[in-house]
Structures are given as structure tokens and as C-alpha cells.
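Q: My structure is in my_file_16.txt, and what it holds is compact mmCIF, C-alpha atoms:
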```txt
# COMPACT_ATOMS: atom_id res chain seq x y z
CA MET D 1 -16.47 44.78 63.97
CA ASP D 2 -13.63 42.30 64.09
CA GLY D 3 -15.96 39.40 64.87
CA LYS D 4 -18.34 40.29 62.07
CA PHE D 5 -15.42 40.66 59.73
CA PHE D 6 -14.12 37.14 60.45
CA VAL D 7 -17.62 35.66 60.13
CA LEU D 8 -17.98 37.35 56.75
CA LEU D 9 -14.55 36.08 55.69
CA ARG D 10 -15.45 32.51 56.64
CA ARG D 11 -18.69 32.78 54.66
CA MET D 12 -16.80 34.07 51.64
CA ARG D 13 -14.32 31.20 51.88
CA TYR D 14 -17.17 28.72 52.15
CA MET D 15 -18.94 30.19 49.12
CA ALA D 16 -15.67 30.08 47.14
CA VAL D 17 -15.20 26.40 47.97
CA VAL D 18 -18.80 25.66 46.98
CA PHE D 19 -18.33 27.60 43.74
CA VAL D 20 -15.17 25.68 42.84
CA MET D 21 -16.83 22.33 43.60
CA VAL D 22 -19.85 23.20 41.48
CA ALA D 23 -17.58 24.33 38.62
CA LEU D 24 -15.60 21.09 38.79
CA LEU D 25 -18.76 19.01 38.80
CA LEU D 26 -20.14 20.93 35.85
CA ALA D 27 -16.88 20.56 33.96
CA ALA D 28 -16.75 16.84 34.68
CA GLY D 29 -20.30 16.52 33.42
CA VAL D 30 -19.50 18.43 30.24
CA PHE D 31 -16.43 16.30 29.51
CA ALA D 32 -18.30 13.11 30.31
CA GLY D 33 -21.06 14.24 27.99
CA GLN D 34 -18.53 14.97 25.27
CA ASP D 35 -16.98 11.54 25.72
CA ARG D 36 -20.40 9.92 25.48
CA GLN D 37 -21.16 12.02 22.42
CA ASN D 38 -17.90 10.94 20.79
CA GLU D 39 -18.71 7.32 21.55
CA ARG D 40 -22.18 7.77 20.07
CA GLN D 41 -20.61 9.15 16.91
CA ILE D 42 -18.59 5.97 16.30
CA MET D 43 -21.05 3.82 14.38
CA GLY D 44 -19.00 0.64 14.38
CA THR D 45 -15.56 -0.93 14.51
CA PHE D 46 -13.85 -3.90 12.91
CA THR D 47 -10.38 -5.35 12.33
CA VAL D 48 -8.43 -5.58 9.09
CA TYR D 49 -5.31 -7.69 8.57
CA THR D 50 -3.01 -5.86 6.16
CA THR D 51 0.43 -6.12 4.59
CA LEU D 52 0.44 -2.38 3.91
CA PRO D 53 3.08 -0.30 5.68
CA PRO D 54 1.64 1.02 8.97
CA GLU D 55 1.74 4.65 7.79
CA HIS D 56 -0.47 3.81 4.78
CA ALA D 57 -2.95 1.97 6.97
CA ALA D 58 -3.07 4.78 9.54
CA ILE D 59 -3.88 7.36 6.87
CA LEU D 60 -6.76 5.30 5.53
CA ALA D 61 -8.14 4.47 8.98
CA GLU D 62 -8.11 8.09 10.15
CA ALA D 63 -9.75 9.40 7.00
CA TYR D 64 -12.48 6.76 6.97
CA GLU D 65 -13.31 7.30 10.63
CA ASP D 66 -13.54 11.07 10.13
CA LEU D 67 -15.81 10.64 7.12
CA TYR D 68 -18.05 7.77 8.19
CA ARG D 69 -17.59 7.39 11.96
CA VAL D 70 -16.48 3.77 11.60
CA ARG D 71 -13.30 2.81 13.41
CA ILE D 72 -10.92 0.40 11.69
CA ASN D 73 -8.34 -1.53 13.66
CA PHE D 74 -5.54 -2.29 11.20
CA VAL D 75 -3.19 -5.11 12.17
CA PRO D 76 0.01 -4.95 10.05
CA LEU D 77 1.36 -8.42 9.25
CA SER D 78 3.72 -10.03 6.78
CA LYS D 79 2.22 -12.22 4.06
CA GLU D 80 3.30 -15.34 5.90
CA GLU D 81 1.94 -14.08 9.24
CA THR D 82 -1.42 -13.23 7.65
CA ASP D 83 -1.84 -16.73 6.26
CA ARG D 84 -0.70 -18.34 9.50
CA ARG D 85 -2.99 -16.26 11.71
CA LEU D 86 -6.05 -16.86 9.52
CA SER D 87 -5.39 -20.59 9.54
CA THR D 88 -4.88 -20.75 13.31
CA GLU D 89 -7.90 -18.63 14.24
CA ILE D 90 -10.38 -20.17 11.82
CA SER D 91 -9.28 -23.72 12.61
CA ALA D 92 -9.73 -23.08 16.34
CA LYS D 93 -12.89 -20.93 16.40
CA GLY D 94 -14.41 -21.01 12.93
CA LYS D 95 -13.77 -17.29 12.58
CA SER D 96 -10.95 -14.78 12.61
CA GLU D 97 -10.50 -11.58 14.55
CA ALA D 98 -10.31 -9.87 11.17
CA ALA D 99 -13.39 -9.02 9.13
CA MET D 100 -11.35 -8.07 6.07
CA LEU D 101 -7.97 -8.49 4.39
CA LEU D 102 -6.17 -5.64 2.60
CA THR D 103 -3.13 -7.31 1.20
CA ASP D 104 -1.12 -8.64 -1.72
CA VAL D 105 -3.09 -10.63 -4.28
CA GLY D 106 -1.02 -13.75 -3.57
CA VAL D 107 -2.31 -13.82 0.02
CA LEU D 108 -5.88 -13.31 -1.22
CA LYS D 109 -5.63 -16.15 -3.71
CA LYS D 110 -4.43 -18.54 -1.01
CA ALA D 111 -7.10 -17.36 1.44
CA ALA D 112 -9.76 -17.99 -1.21
CA ALA D 113 -8.37 -21.46 -1.97
CA ASP D 114 -8.39 -22.28 1.76
CA GLY D 115 -12.01 -21.13 2.15
CA TYR D 116 -11.21 -18.22 4.45
CA ILE D 117 -12.92 -15.43 2.47
CA LEU D 118 -16.43 -14.93 1.10
CA PRO D 119 -17.52 -13.97 -2.42
CA TYR D 120 -18.67 -10.36 -2.55
CA VAL D 121 -19.85 -8.41 -5.59
CA SER D 122 -20.90 -4.76 -5.58
CA GLU D 123 -21.47 -1.94 -8.05
CA GLU D 124 -18.00 -0.62 -7.24
CA ASN D 125 -15.99 -3.80 -7.74
CA ASP D 126 -18.07 -4.69 -10.78
CA SER D 127 -16.23 -1.82 -12.53
CA VAL D 128 -12.86 -3.48 -11.89
CA ALA D 129 -11.29 -5.15 -14.93
CA ASP D 130 -11.36 -8.96 -14.88
CA ASN D 131 -7.57 -9.25 -14.65
CA PHE D 132 -7.65 -7.36 -11.36
CA LYS D 133 -10.25 -9.50 -9.55
CA ASP D 134 -11.29 -13.07 -8.87
CA VAL D 135 -13.78 -14.52 -11.35
CA GLY D 136 -15.84 -15.90 -8.45
CA GLY D 137 -15.88 -12.61 -6.56
CA PHE D 138 -13.75 -13.87 -3.67
CA TRP D 139 -11.34 -10.93 -3.89
CA SER D 140 -10.97 -7.68 -5.75
CA GLY D 141 -7.96 -5.51 -6.45
CA VAL D 142 -8.06 -1.90 -5.30
CA TRP D 143 -4.80 -0.52 -6.69
CA TYR D 144 -1.57 -1.69 -8.29
CA ASP D 145 2.04 -0.55 -8.66
CA PRO D 146 3.96 -1.46 -11.85
CA MET D 147 7.70 -1.32 -12.43
CA VAL D 148 8.81 1.30 -14.97
CA PHE D 149 11.90 3.16 -16.17
CA ALA D 150 12.45 6.44 -14.31
CA VAL D 151 14.74 8.52 -16.52
CA ASN D 152 16.63 11.64 -15.47
CA SER D 153 15.15 14.54 -17.48
CA ASP D 154 18.51 16.13 -18.35
CA TYR D 155 19.88 12.80 -19.52
CA LEU D 156 16.78 12.29 -21.65
CA LYS D 157 17.48 15.52 -23.56
CA ASN D 158 20.90 14.26 -24.64
CA ILE D 159 20.02 10.86 -26.09
CA ALA D 160 18.61 10.25 -29.56
CA VAL D 161 16.78 7.03 -28.75
CA VAL D 162 14.98 6.27 -25.50
CA PRO D 163 15.06 2.62 -24.33
CA ASP D 164 11.44 1.62 -24.00
CA SER D 165 11.65 -2.15 -23.56
CA TRP D 166 13.55 -4.52 -21.31
CA ARG D 167 15.67 -5.76 -24.21
CA ASP D 168 16.39 -2.16 -25.25
CA LEU D 169 17.50 -1.36 -21.72
CA ALA D 170 19.84 -4.36 -21.74
CA ASP D 171 21.35 -3.24 -25.07
CA PHE D 172 21.58 0.44 -24.13
CA THR D 173 25.28 0.53 -23.32
CA GLY D 174 26.77 3.39 -21.37
CA ALA D 175 23.77 4.41 -19.29
CA ARG D 176 24.17 4.35 -15.52
CA ILE D 177 21.37 2.20 -14.14
CA GLY D 178 19.92 2.01 -10.66
CA MET D 179 17.68 -0.77 -9.38
CA THR D 180 16.62 -2.41 -6.14
CA ASP D 181 18.09 -5.75 -5.06
CA PHE D 182 15.69 -8.58 -5.90
CA MET D 183 16.06 -9.87 -2.34
CA ALA D 184 15.28 -6.50 -0.73
CA ALA D 185 11.65 -5.79 -1.67
CA ASP D 186 8.54 -7.68 -2.74
CA ALA D 187 8.11 -5.46 -5.82
CA SER D 188 11.63 -6.27 -7.03
CA ARG D 189 11.32 -10.00 -6.43
CA ASN D 190 7.96 -9.93 -8.17
CA LEU D 191 9.62 -8.27 -11.17
CA LEU D 192 12.20 -11.05 -11.40
CA CYS D 193 9.54 -13.76 -11.21
CA SER D 194 7.37 -11.89 -13.71
CA MET D 195 10.23 -11.65 -16.18
CA ILE D 196 10.89 -15.37 -15.87
CA GLY D 197 7.19 -16.13 -16.30
CA GLN D 198 6.97 -13.86 -19.33
CA PHE D 199 10.26 -14.48 -21.17
CA GLY D 200 11.33 -17.84 -19.77
CA ASP D 201 14.39 -18.59 -17.64
CA GLN D 202 17.08 -18.19 -20.28
CA ALA D 203 15.87 -14.95 -21.87
CA ALA D 204 15.08 -13.30 -18.52
CA TYR D 205 18.52 -14.03 -17.08
CA GLU D 206 20.18 -12.90 -20.32
CA ILE D 207 18.46 -9.51 -20.03
CA LEU D 208 19.50 -9.14 -16.40
CA ARG D 209 23.06 -10.30 -17.18
CA ASP D 210 23.36 -7.64 -19.91
CA ILE D 211 21.97 -4.92 -17.62
CA HIS D 212 24.25 -5.87 -14.71
CA PRO D 213 27.54 -4.16 -15.87
CA TYR D 214 25.78 -0.78 -15.95
CA VAL D 215 24.11 -1.00 -12.53
CA THR D 216 25.84 1.44 -10.20
CA GLN D 217 24.10 0.08 -7.10
CA TYR D 218 21.62 -2.60 -6.13
CA ALA D 219 19.69 -0.62 -3.55
CA LYS D 220 17.99 -1.87 -0.39
CA TYR D 221 14.88 0.29 -0.82
CA LEU D 222 12.48 0.93 -3.70
CA SER D 223 12.86 4.68 -3.27
CA THR D 224 16.64 4.79 -3.64
CA PRO D 225 16.96 4.27 -7.43
CA VAL D 226 14.29 6.93 -8.07
CA ARG D 227 16.05 9.45 -5.83
CA GLN D 228 19.33 8.68 -7.59
CA ALA D 229 17.73 9.30 -10.99
CA GLY D 230 16.25 12.57 -9.77
CA MET D 231 19.62 13.75 -8.44
CA GLY D 232 21.53 12.69 -11.56
CA GLU D 233 23.47 9.94 -9.77
CA VAL D 234 22.10 7.42 -12.29
CA ASP D 235 20.61 7.99 -15.73
CA ILE D 236 17.85 5.38 -15.65
CA ALA D 237 16.21 3.70 -12.67
CA VAL D 238 14.21 0.47 -12.76
CA ALA D 239 11.61 1.65 -10.32
CA SER D 240 8.20 1.38 -8.75
CA LEU D 241 5.82 3.81 -10.44
CA ALA D 242 4.36 4.87 -7.08
CA GLU D 243 7.81 5.91 -5.85
CA THR D 244 8.56 7.61 -9.18
CA LEU D 245 5.37 9.68 -9.04
CA ARG D 246 6.07 10.65 -5.45
CA TYR D 247 9.47 12.07 -6.35
CA MET D 248 8.08 13.78 -9.44
CA HIS D 249 5.42 15.51 -7.33
CA ASP D 250 8.23 16.65 -5.03
CA GLY D 251 9.86 18.38 -7.99
CA TYR D 252 12.58 15.93 -8.98
CA PRO D 253 13.47 16.09 -12.72
CA ILE D 254 12.29 12.63 -13.79
CA LYS D 255 10.33 11.29 -16.74
CA VAL D 256 8.46 7.98 -16.78
CA VAL D 257 9.02 5.51 -19.60
CA TYR D 258 6.54 2.63 -19.70
CA PRO D 259 8.12 -0.60 -21.03
CA ALA D 260 6.50 -1.35 -24.38
CA ASP D 261 6.96 -5.09 -23.94
CA GLY D 262 5.11 -5.04 -20.62
CA THR D 263 6.10 -5.14 -16.99
CA GLY D 264 5.50 -6.79 -13.65
CA TYR D 265 3.34 -5.22 -10.98
CA LEU D 266 2.15 -5.70 -7.42
CA LEU D 267 -1.63 -5.80 -6.96
CA THR D 268 -3.20 -4.95 -3.61
CA GLY D 269 -6.76 -6.06 -2.97
CA THR D 270 -9.46 -6.86 -0.46
CA GLY D 271 -11.24 -9.98 0.75
CA ILE D 272 -14.12 -10.36 3.24
CA VAL D 273 -13.26 -12.92 5.92
CA ILE D 274 -15.75 -15.65 6.87
CA GLY D 275 -17.47 -16.01 10.24
CA GLN D 276 -18.42 -12.41 11.06
CA ASP D 277 -21.94 -11.25 11.93
CA THR D 278 -23.97 -9.48 9.27
CA LYS D 279 -23.34 -5.98 10.65
CA THR D 280 -19.56 -6.39 10.86
CA SER D 281 -19.32 -8.06 7.48
CA GLY D 282 -21.44 -5.29 5.97
CA ALA D 283 -19.17 -2.63 7.47
CA ALA D 284 -16.14 -4.36 5.99
CA GLN D 285 -17.83 -4.51 2.57
CA ASN D 286 -18.56 -0.78 2.73
CA PHE D 287 -14.91 -0.08 3.46
CA ALA D 288 -13.80 -2.35 0.62
CA ASP D 289 -16.04 -0.39 -1.74
CA TRP D 290 -14.72 2.94 -0.43
CA LEU D 291 -11.16 1.91 -1.22
CA LEU D 292 -12.22 1.78 -4.88
CA THR D 293 -13.39 5.41 -4.92
CA ASP D 294 -11.78 8.68 -5.97
CA GLU D 295 -12.19 9.77 -2.35
CA ALA D 296 -9.77 7.07 -1.14
CA GLN D 297 -7.31 7.90 -3.92
CA THR D 298 -7.39 11.56 -2.91
CA VAL D 299 -6.67 10.64 0.71
CA LEU D 300 -3.61 8.62 -0.34
CA GLN D 301 -2.31 11.15 -2.86
CA ASN D 302 -2.65 14.04 -0.42
CA SER D 303 -0.26 12.10 1.81
CA GLY D 304 2.20 11.37 -1.02
CA PHE D 305 1.16 7.82 -1.95
CA TYR D 306 0.48 7.34 -5.66
CA PHE D 307 -0.93 3.89 -6.31
CA LEU D 308 -2.80 3.25 -9.55
CA PRO D 309 -6.55 2.61 -9.19
CA VAL D 310 -8.22 -0.42 -10.77
CA ASN D 311 -11.76 0.98 -10.78
CA ARG D 312 -12.36 2.10 -14.37
CA ALA D 313 -15.32 4.27 -13.30
CA THR D 314 -13.17 6.68 -11.27
CA ILE D 315 -11.71 9.98 -12.42
CA ALA D 316 -8.34 8.86 -11.06
CA TYR D 317 -8.30 5.87 -13.41
CA LYS D 318 -9.50 7.83 -16.45
CA SER D 319 -6.89 10.54 -15.94
CA PHE D 320 -3.95 8.15 -15.51
CA ALA D 321 -1.63 8.44 -18.52
CA GLY D 322 -0.36 4.86 -18.19
CA LYS D 323 -3.69 3.09 -17.83
CA ASN D 324 -3.06 1.20 -21.08
CA LEU D 325 0.32 -0.04 -19.90
CA LEU D 326 0.89 -3.67 -20.89
CA LEU D 327 0.93 -5.77 -17.73
CA TRP D 328 2.19 -9.34 -17.49
CA ASP D 329 -0.88 -11.24 -16.38
CA ASN D 330 0.16 -14.67 -17.63
CA VAL D 331 2.78 -15.12 -14.93
CA PRO D 332 2.62 -18.50 -13.14
CA ASN D 333 2.02 -18.53 -9.41
CA PHE D 334 5.51 -19.52 -8.33
CA SER D 335 5.82 -20.94 -4.84
CA GLN D 336 7.84 -19.19 -2.15
CA ASP D 337 10.64 -21.74 -2.57
CA GLU D 338 10.69 -21.21 -6.34
CA GLN D 339 10.88 -17.45 -5.94
CA LEU D 340 13.80 -17.72 -3.53
CA SER D 341 15.50 -20.13 -5.92
CA PHE D 342 15.22 -17.58 -8.74
CA VAL D 343 16.78 -14.90 -6.55
CA ASP D 344 19.57 -17.24 -5.45
CA ARG D 345 20.43 -18.02 -9.08
CA TRP D 346 20.52 -14.31 -9.95
CA MET D 347 22.79 -13.56 -6.98
CA LYS D 348 25.14 -16.45 -7.74
CA TYR D 349 25.46 -16.21 -11.50
CA ILE D 350 24.84 -12.51 -12.20
CA ARG D 351 25.25 -10.15 -9.27
CA PHE D 352 28.31 -11.86 -7.82
CA GLY D 353 29.43 -13.41 -11.09
CA GLY D 354 29.93 -16.93 -9.77
```
Would you mind giving the structure from this file in C-alpha cells?

A:
Amino acid sequence: MDGKFFVLLRRMRYMAVVFVMVALLLAAGVFAGQDRQNERQIMGTFTVYTTLPPEHAAILAEAYEDLYRVRINFVPLSKEETDRRLSTEISAKGKSEAAMLLTDVGVLKKAAADGYILPYVSEENDSVADNFKDVGGFWSGVWYDPMVFAVNSDYLKNIAVVPDSWRDLADFTGARIGMTDFMAADASRNLLCSMIGQFGDQAAYEILRDIHPYVTQYAKYLSTPVRQAGMGEVDIAVASLAETLRYMHDGYPIKVVYPADGTGYLLTGTGIVIGQDTKTSGAAQNFADWLLTDEAQTVLQNSGFYFLPVNRATIAYKSFAGKNLLLWDNVPNFSQDEQLSFVDRWMKYIRFGG
């Protein structure tokens, strides 16, 4: 009995080991099959150089991969780094690692002038207004972000006249004003250069000099003046519309006033980089077109990013209350040195009163 019992026990142990090994092999096969299936589902991949904040890029990449099984490798760079990397790569190899640019229009204009991007016209970007795209098709805007006045709602109820122009804001004595330092953010520096391009040096600096005594703080971030307006710490904020809409959707008591005499804005757009094979270039073009759709706008807005679309065929564009906002499109393309010189003059003669 004892001998038979131990033989039976050994057999049971053996069968248990075999069972476990078979289960592990089956599991490994299942997981390997799943991995292969996941790889089969990815229909392509390409690289995009972008000046967008990494969180914006990540949201777009994840959504596009989920929807279309195309993986996008975003490489966040500054404007200067983007230009430098394109120049270095294309000079050395005739092509870049990037198939597409998603960046500020200034970078796109330089890339087009240097011959680094290809003309591309589609049904989607054909619906973009001429002031938001290159006449030769070398680049197209996808969204823009103008500077506006974000006014505290309670303050608005207690004033008889609402300042709705830059000169009105300068003459509107007594209001507490919040704005971002012109050195701190591209949107702010662009506003300064836009004002100079639109009004001329003397008139632009006069407006800013008259606004200066009422500025409670020159903030480091675009979001700060909007938050201050929403919390009643300032009455009026000179602010990015995207930041203003974000705080409004979060329930802050703010109203938007669109400057009647126009305003500066940052335009983000796309360009297809030279040197890629047909499949990769085609995938990049499809992504560029998708960025012009309501679907892309929904992805951004669901994550709290409210940029204004340039595609007039979309519902997002048609429903935007400020789509007829006057934008300063006749602004010269000031060089980097000129822009810094403008900021230096403002700091010396206005902010610090030298």
C-alpha cells in the first residue's frame, strides 16, 4: 500500500509539473499572439518635429493612433532647434528624420524659403482662408490663438462703457490690468511686434506706456492674467483666447472682449518635409488633413485646449463667436534680433521707466 501510494504521488506531481508547463507555454503563445496582433494593427509610423508643448502633442498622437492605427513620434523642439535640425539633417543626408512639421508659422515660412518642405494641397486645406496658408501650398495653418481682453464678469456689470480697443484700454483709467511679460512667452512677444507693425513704433509704445501704470503684475505665464481676472485680482486681462476659454469652461466668471481695432495672434500650421518615401509622406499628409477636422478639435477641447480652427468647413469654425475678429495680417516679418530689440526698448523705457 505504501509503495503504491508513493508511486501514485510521484505520478501526480509529474502530471502537475506537465500541466503547469503546458499552461505557461499556452499563455506565452497567447501573449505573443496578442503582441503580434497589436503590431499588425499599427499601419505605419512617422516623426513630426513640433513646437507644441509635449502634453498637446501626446494627446494628438494617442488619439490618432487609436483612431487610425498610425503611430506618430512627436519630437518637441524650440523654433530655433527645429530650424537648426532641419538644416543639419537635410544638408548631410538630403532628408530629415521628420516627415512633417507642426509648428509656428514663422518656422514654416523659413523652412519653405530654405526648400525644406513640399507643396501640398488637399480638399481639407483648400477650405482654409488665404491669410492662414501659403499661396504656393507649402504650408497650411491648422489653428490660431489671438490676444483678447478677458474681463471679470462682476467688474463688467459695474462699468458703463466697456473698453473694446487698444486705445480705449490705454485711456480706461482706474482699471486693474493683468498681462504677461513680453519676454516671457511667444504669444506676448508676438503681440508687441504685431502692435508695432500695425500702429508703428511711436503709437504702439504710447499705448503700452499709458497702460503700464494700471498693470498690477507682468506675469511669467499666459495663464496667470486670466486666472487673476477670474478671481477678481485684476479687472481686465490682456490674454490668450485659448487660456481665457479654458478658464471659462472651468467656471471662472470671465467675459471675452474682442478688440475692435484688431489684434495679434499666433498661427500654428503644418508642412510636409522633403525626402521621405511616398508611403511616409502620404501618412504625414493624412495627419495634416486630420488636424483640420472637427474630430481633432474635439480631441483637443476634451482635454481643455481651445485653439481656434482655420478650416471654414468645420462645425467648430462656424460655431465660433469670434470668427470675424479683425486680425493683424499686415505685420512685417521682424527678425529675431529686431523682436528682442523691441522687447528691450519696452523694458528700458516703459516697464522699468528708464

Q: Using all atoms listed in the file, find the one residue out of D:Gln336, D:Ser140, D:Thr51, D:Ser153 that sits nearest to Ala229 in chain D.

A: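 The closest residue to Ala229 in chain D is D:Ser153.
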
Q: Report, in Å to a single decimal, how far apart CA of Ala129 in chain D and CA of Val226 in chain D are.

A: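 Straight-line distance from CA of Val226 in chain D to CA of Ala129 in chain D works out to 29.1 Å.
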
Q: Give me, as a list in words, all polymer residues having an atom no more than 10 Å from Arg167 in chain D, counting all atoms listed in the file and skipping those fewer than 3 positions away in the same chain.

A: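 Near Arg167 in chain D, the qualifying residues are Pro163, Asp164, Ala170, Asp171, Phe172, Ala203, Ala204, Glu206, Ile207, Leu208, Asp210, Ile211, Pro259 and Asp261 of chain D.
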
Q: In Å, with one decimal, what is the gap from CA of Leu52 in chain D to CA of Gly269 in chain D?

A: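 Computed distance, CA of Leu52 in chain D to CA of Gly269 in chain D, equals 10.6 Å.
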
Q: Have a look at CA of Ala219 in chain D and CA of Val105 in chain D and let me know their distance in Å, one decimal.

A: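 Result for CA of Ala219 in chain D versus CA of Val105 in chain D: 24.9 Å, one decimal.
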
Q: Check which residues of range 188-297 of chain D sit at most 10 Å from range 110-128 of chain D using only C-alpha atoms, and return one row each with the closest pair of atoms and their distance in Å to one decimal, ordered by chain and rising number, as a Markdown table.

A:
```
| residue | atom | partner | partner_atom | distance |
| --- | --- | --- | --- | --- |
| D:Thr270 | CA | D:Ile117 | CA | 9.7 |
| D:Gly271 | CA | D:Ile117 | CA | 6.0 |
| D:Ile272 | CA | D:Ile117 | CA | 5.3 |
| D:Val273 | CA | D:Ile117 | CA | 4.3 |
| D:Ile274 | CA | D:Ile117 | CA | 5.2 |
| D:Gly275 | CA | D:Tyr116 | CA | 8.8 |
| D:Ser281 | CA | D:Leu118 | CA | 9.8 |
| D:Gln285 | CA | D:Tyr120 | CA | 7.8 |
| D:Asn286 | CA | D:Ser122 | CA | 9.5 |
| D:Ala288 | CA | D:Asn125 | CA | 8.8 |
| D:Asp289 | CA | D:Glu124 | CA | 5.8 |
| D:Trp290 | CA | D:Glu124 | CA | 8.4 |
| D:Leu291 | CA | D:Glu124 | CA | 9.5 |
| D:Leu292 | CA | D:Glu124 | CA | 6.7 |
| D:Thr293 | CA | D:Glu124 | CA | 7.9 |
```

Q: Taking only C-alpha atoms into account, which of D:Leu222, D:Val151, D:Leu300, D:Ala92 comes nearest Ala184 in chain D?

A: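 Comparing D:Leu222, D:Val151, D:Leu300, D:Ala92 against Ala184 in chain D, the winner is D:Leu222.
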
Q: At a cut-off of 12 Å, using only C-alpha atoms, what residues contact Val257 in chain D? Leave out same-chain residues fewer than 4 positions from it and give the result as an mmCIF file with C-alpha atoms, keeping the file's coordinate frame.

A:
```cif
data_model
loop_
_atom_site.group_PDB
_atom_site.id
_atom_site.type_symbol
_atom_site.label_atom_id
_atom_site.label_comp_id
_atom_site.auth_asym_id
_atom_site.auth_seq_id
_atom_site.Cartn_x
_atom_site.Cartn_y
_atom_site.Cartn_z
ATOM 1 C CA PRO D 146 3.960 -1.460 -11.850
ATOM 2 C CA MET D 147 7.700 -1.320 -12.430
ATOM 3 C CA VAL D 148 8.810 1.300 -14.970
ATOM 4 C CA PHE D 149 11.900 3.160 -16.170
ATOM 5 C CA ALA D 150 12.450 6.440 -14.310
ATOM 6 C CA VAL D 151 14.740 8.520 -16.520
ATOM 7 C CA ASN D 152 16.630 11.640 -15.470
ATOM 8 C CA SER D 153 15.150 14.540 -17.480
ATOM 9 C CA LEU D 156 16.780 12.290 -21.650
ATOM 10 C CA VAL D 162 14.980 6.270 -25.500
ATOM 11 C CA PRO D 163 15.060 2.620 -24.330
ATOM 12 C CA ASP D 164 11.440 1.620 -24.000
ATOM 13 C CA SER D 165 11.650 -2.150 -23.560
ATOM 14 C CA TRP D 166 13.550 -4.520 -21.310
ATOM 15 C CA LEU D 169 17.500 -1.360 -21.720
ATOM 16 C CA ILE D 236 17.850 5.380 -15.650
ATOM 17 C CA ALA D 237 16.210 3.700 -12.670
ATOM 18 C CA VAL D 238 14.210 0.470 -12.760
ATOM 19 C CA ALA D 239 11.610 1.650 -10.320
ATOM 20 C CA SER D 240 8.200 1.380 -8.750
ATOM 21 C CA LEU D 241 5.820 3.810 -10.440
ATOM 22 C CA THR D 244 8.560 7.610 -9.180
ATOM 23 C CA LEU D 245 5.370 9.680 -9.040
ATOM 24 C CA ASP D 261 6.960 -5.090 -23.940
ATOM 25 C CA GLY D 262 5.110 -5.040 -20.620
ATOM 26 C CA THR D 263 6.100 -5.140 -16.990
ATOM 27 C CA ALA D 321 -1.630 8.440 -18.520
ATOM 28 C CA GLY D 322 -0.360 4.860 -18.190
ATOM 29 C CA LEU D 325 0.320 -0.040 -19.900
#
```

Q: Rank D:Ile159, D:Arg227, D:Gln202, D:Lys133 by their smallest atom-to-atom distance to Gly178 in chain D, using all atoms listed in the file, and report the top residue only.

A: D:Arg227

Q: Pick out the closest residue to Lys157 in chain D from this set: D:Ala98, D:Leu192, D:Ile254, D:Leu266. Count only C-alpha atoms.

A: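 Residue with the minimum atom-to-atom distance to Lys157 in chain D: D:Ile254.
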
Q: For Leu326 in chain D, which residue among D:Ser303, D:Gln339, D:Asn131, D:Tyr68 is the nearest when counting all atoms listed in the file?

A: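 Answer, going by the shortest atom-to-atom distance: D:Asn131.
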
Q: Pick out the closest residue to Lys323 in chain D from this set: D:Ala57, D:Tyr252, D:Trp143, D:Phe138. Count all atoms listed in the file.

A: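 Selected residue with least distance to Lys323 in chain D: D:Trp143.
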
Q: Please list as a list in words every residue within 10 Å of Gly353 in chain D, counting only C-alpha atoms and excluding residues in the same chain fewer than 6 positions away.

A: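 Here the qualifying residues turn out to be Arg209, His212, Trp346 and Met347 of chain D.
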
Q: Set the distance at 9 Å and use all atoms listed in the file: which residues neighbour Arg176 in chain D once local chain neighbours fewer than 4 positions away are removed? I'd like the list as a list of chain:residue names.

A: D:Tyr214, D:Val215, D:Thr216, D:Glu233, D:Val234, D:Asp235, D:Ile236, D:Ala237

Q: As AutoDock Vina command-line options, please: the centre and edge lengths in Å, to one decimal, of an axis-aligned box enclosing every listed atom of range 230-245 of chain D with 4 Å added on each side.

A:
```
--center_x 13.9 --center_y 7.1 --center_z -10.8 --size_x 27.1 --size_y 21.3 --size_z 17.9
```
